[in-house]
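Peer 1: Before we start, here is the structure in question, set down as structure tokens.
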Amino acid sequence: MSKKQTLQPVTVSPRPRGRPGLGADAREKVIAAASEILIERGLDGMKARAIAERSGLGVGSIYKLFDDIDGVTRAVNLRTYEDFAILYREALDAASLPGASVQMRLMALARAYVDFVLGNSRRWSALLTFNANQVGPGPEAYAKTRQTLFDMVDSVMIDLPRLGDATQRTRATHALWASVHGMVVLGLTGQETDAQVAETIRQIETIVGAVVRDAGG
């Protein structure tokens, strides 16, 4: 007579409920979709339903990934800053050849600024407009990226004989940045002509040259 086999209970894991969690891939889809909409329609086009349709996600998923549409816009603007920083670095690396003067390297950075604005006018305009309407300094990541841009200018300015003091050099770097920024914003409106672009470059050359000479370059 055979012994009866004892059947062991089978543990069945509960099936997960709801949709899978939203991760980095979903976040990237939202940022990519929102960036496309921003380029096509400007800030007025940044609507949750439009972003959801373009990204292939639900409206609810948008709000799970970002608190609100402003959160999406901040992420898109940060990507704009980061893309600008990449172009800025490439311009500085290309200009940093043996014998390249301070003025030549600063102008390479200034032209990179102009080129980025010309090629990304709607993204840049949206960044400036959105930031101007925000209270406070913005996300910490903004500040870090802006500092990266300032550091690149500072790395050139350090070669000027009269800017050996770090505090003085930082002041000069921020003043030069503000001057170039102002000329770009005022001179390049999104409907600029070749003559306006050329004039903006000449104005920038005037300011850069004055800073370099004043600092002993």
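Lettering and numbering for the structure tokens are positional, with chains as A, B, ... in the shown order, residues counted from 1 in each chain, and ligands counted from 1 in the shown order.
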For stretch 125-133 of chain A, find every residue with an atom within 8 Å (counting only C-alpha atoms), except residues of its own chain fewer than 4 positions away, and show them as a tab-separated table (two decimals) with N, CA, C and O atoms, in the first residue's frame.

Peer 2:
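Output file around_38.tsv is given in full below:
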chain	number	residue	atom	x	y	z
A	38	LEU	N	6.41	73.34	-28.09
A	38	LEU	CA	6.91	74.69	-27.80
A	38	LEU	C	7.49	75.33	-29.05
A	38	LEU	O	7.24	76.51	-29.33
A	42	GLY	N	4.81	77.82	-29.38
A	42	GLY	CA	5.18	78.71	-28.30
A	42	GLY	C	4.58	78.29	-26.98
A	42	GLY	O	3.96	77.22	-26.86
A	43	LEU	N	4.72	79.13	-25.98
A	43	LEU	CA	4.23	78.80	-24.63
A	43	LEU	C	2.72	78.59	-24.59
A	43	LEU	O	2.21	77.81	-23.79
A	77	ASN	N	12.72	74.02	-20.41
A	77	ASN	CA	13.65	75.15	-20.36
A	77	ASN	C	15.03	74.71	-19.89
A	77	ASN	O	16.06	75.21	-20.37
A	80	THR	N	16.80	73.32	-22.71
A	80	THR	CA	17.31	74.41	-23.56
A	80	THR	C	18.63	74.93	-23.02
A	80	THR	O	19.60	75.13	-23.77
A	121	SER	N	15.17	80.25	-31.67
A	121	SER	CA	14.56	81.50	-31.21
A	121	SER	C	13.33	81.28	-30.34
A	121	SER	O	13.15	81.97	-29.33
A	138	GLY	N	14.19	80.13	-9.37
A	138	GLY	CA	13.98	78.96	-10.22
A	138	GLY	C	14.66	77.73	-9.67
A	138	GLY	O	15.33	77.79	-8.63

Peer 1: Excluding same-chain residues fewer than 5 positions from A:Arg89, what lies within 9 Å of it counting only C-alpha atoms, as a list of chain:residue names?

Peer 2: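 Surrounding residues, per the criterion: A:Phe84, A:Ala94, A:Leu109, A:Leu149, A:Met152.
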
Peer 1: From the set A:Ser61, A:Asn120, A:Gln196, A:Thr73, which residue has the shortest atom-to-atom contact distance to A:Met46, counting only C-alpha atoms?

Peer 2: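 Of all the options, A:Thr73 lies closest to A:Met46.
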
Peer 1: For A:Thr173, work out the shell of residues within 7 Å, counting only C-alpha atoms and skipping chain neighbours fewer than 2 positions away, then give it as a PyMOL selection string.

Peer 2: chain A and resi 150+153-154+169-171+175-177

Peer 1: Give me the residues within 8 Å of A:Gly217 as a PDB file with C-alpha atoms, in the first residue's frame, counting only C-alpha atoms and dropping any in the same chain fewer than 6 places off.

Peer 2:
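Saved result, result34.pdb, follows:
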ATOM      1  CA  VAL A 102      41.369  86.345 -25.055  1.00  0.00           C
ATOM      2  CA  LEU A 160      43.637  88.959 -18.524  1.00  0.00           C
ATOM      3  CA  PRO A 161      46.468  90.516 -16.452  1.00  0.00           C
TER       4      PRO A 161
END

Peer 1: What's around stretch 180-183 of chain A at 12 Å? Count only C-alpha atoms, leave out sequence neighbours fewer than 3 positions away in its own chain, and write the answer as a PyMOL selection string.

Peer 2: chain A and resi 106-107+109-114+117+124+128+153+173-177+186-189+196-208+211

Peer 1: Please, could you write that set of residues out with C-alpha atoms as a short mmCIF file (atom, residue, chain, number, x, y, z; two decimals), in the first residue's frame?

Peer 2:
data_model
loop_
_atom_site.label_atom_id
_atom_site.label_comp_id
_atom_site.auth_asym_id
_atom_site.auth_seq_id
_atom_site.Cartn_x
_atom_site.Cartn_y
_atom_site.Cartn_z
CA LEU A 106 35.38 85.57 -25.95
CA MET A 107 34.04 86.40 -29.41
CA LEU A 109 31.53 82.34 -27.14
CA ALA A 110 29.53 85.41 -28.11
CA ARG A 111 28.97 84.09 -31.62
CA ALA A 112 27.89 80.75 -30.16
CA TYR A 113 25.31 82.66 -28.12
CA VAL A 114 24.06 84.43 -31.25
CA VAL A 117 19.41 82.17 -30.36
CA TRP A 124 15.09 80.81 -26.06
CA LEU A 128 13.23 84.14 -21.02
CA VAL A 153 33.63 82.81 -19.70
CA THR A 173 32.41 88.15 -16.17
CA HIS A 174 28.85 88.85 -15.05
CA ALA A 175 28.98 92.40 -16.45
CA LEU A 176 30.20 91.11 -19.83
CA TRP A 177 27.57 88.37 -19.88
CA LEU A 186 17.43 93.73 -28.18
CA GLY A 187 19.07 93.05 -31.54
CA LEU A 188 17.70 89.62 -32.40
CA THR A 189 13.92 89.70 -32.23
CA GLN A 196 20.78 93.28 -37.90
CA VAL A 197 22.76 90.17 -37.03
CA ALA A 198 25.96 91.73 -38.37
CA GLU A 199 25.32 94.93 -36.42
CA THR A 200 24.71 92.97 -33.22
CA ILE A 201 28.03 91.16 -33.69
CA ARG A 202 29.81 94.49 -34.21
CA GLN A 203 28.27 95.91 -31.03
CA ILE A 204 29.38 92.84 -29.10
CA GLU A 205 32.90 93.18 -30.53
CA THR A 206 32.98 96.78 -29.26
CA ILE A 207 32.08 95.77 -25.71
CA VAL A 208 34.37 92.72 -25.65
CA VAL A 211 36.64 94.89 -21.51
#

Peer 1: Skipping near chain neighbours, those fewer than 3 positions away, what residues fall within 12 Å of A:Ala34 using only C-alpha atoms, listed as a PyMOL selection string?

Peer 2: chain A and resi 27-31+37-56+62+69-77+79-80+123

Peer 1: Identify which of the residues A:Ala166, A:Leu57, A:Ala210, A:Leu118 lies closest to A:Glu192, counting only C-alpha atoms when measuring atom-to-atom distances.

Peer 2: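 When distances to A:Glu192 are compared using only C-alpha atoms, the smallest one comes from A:Leu118.
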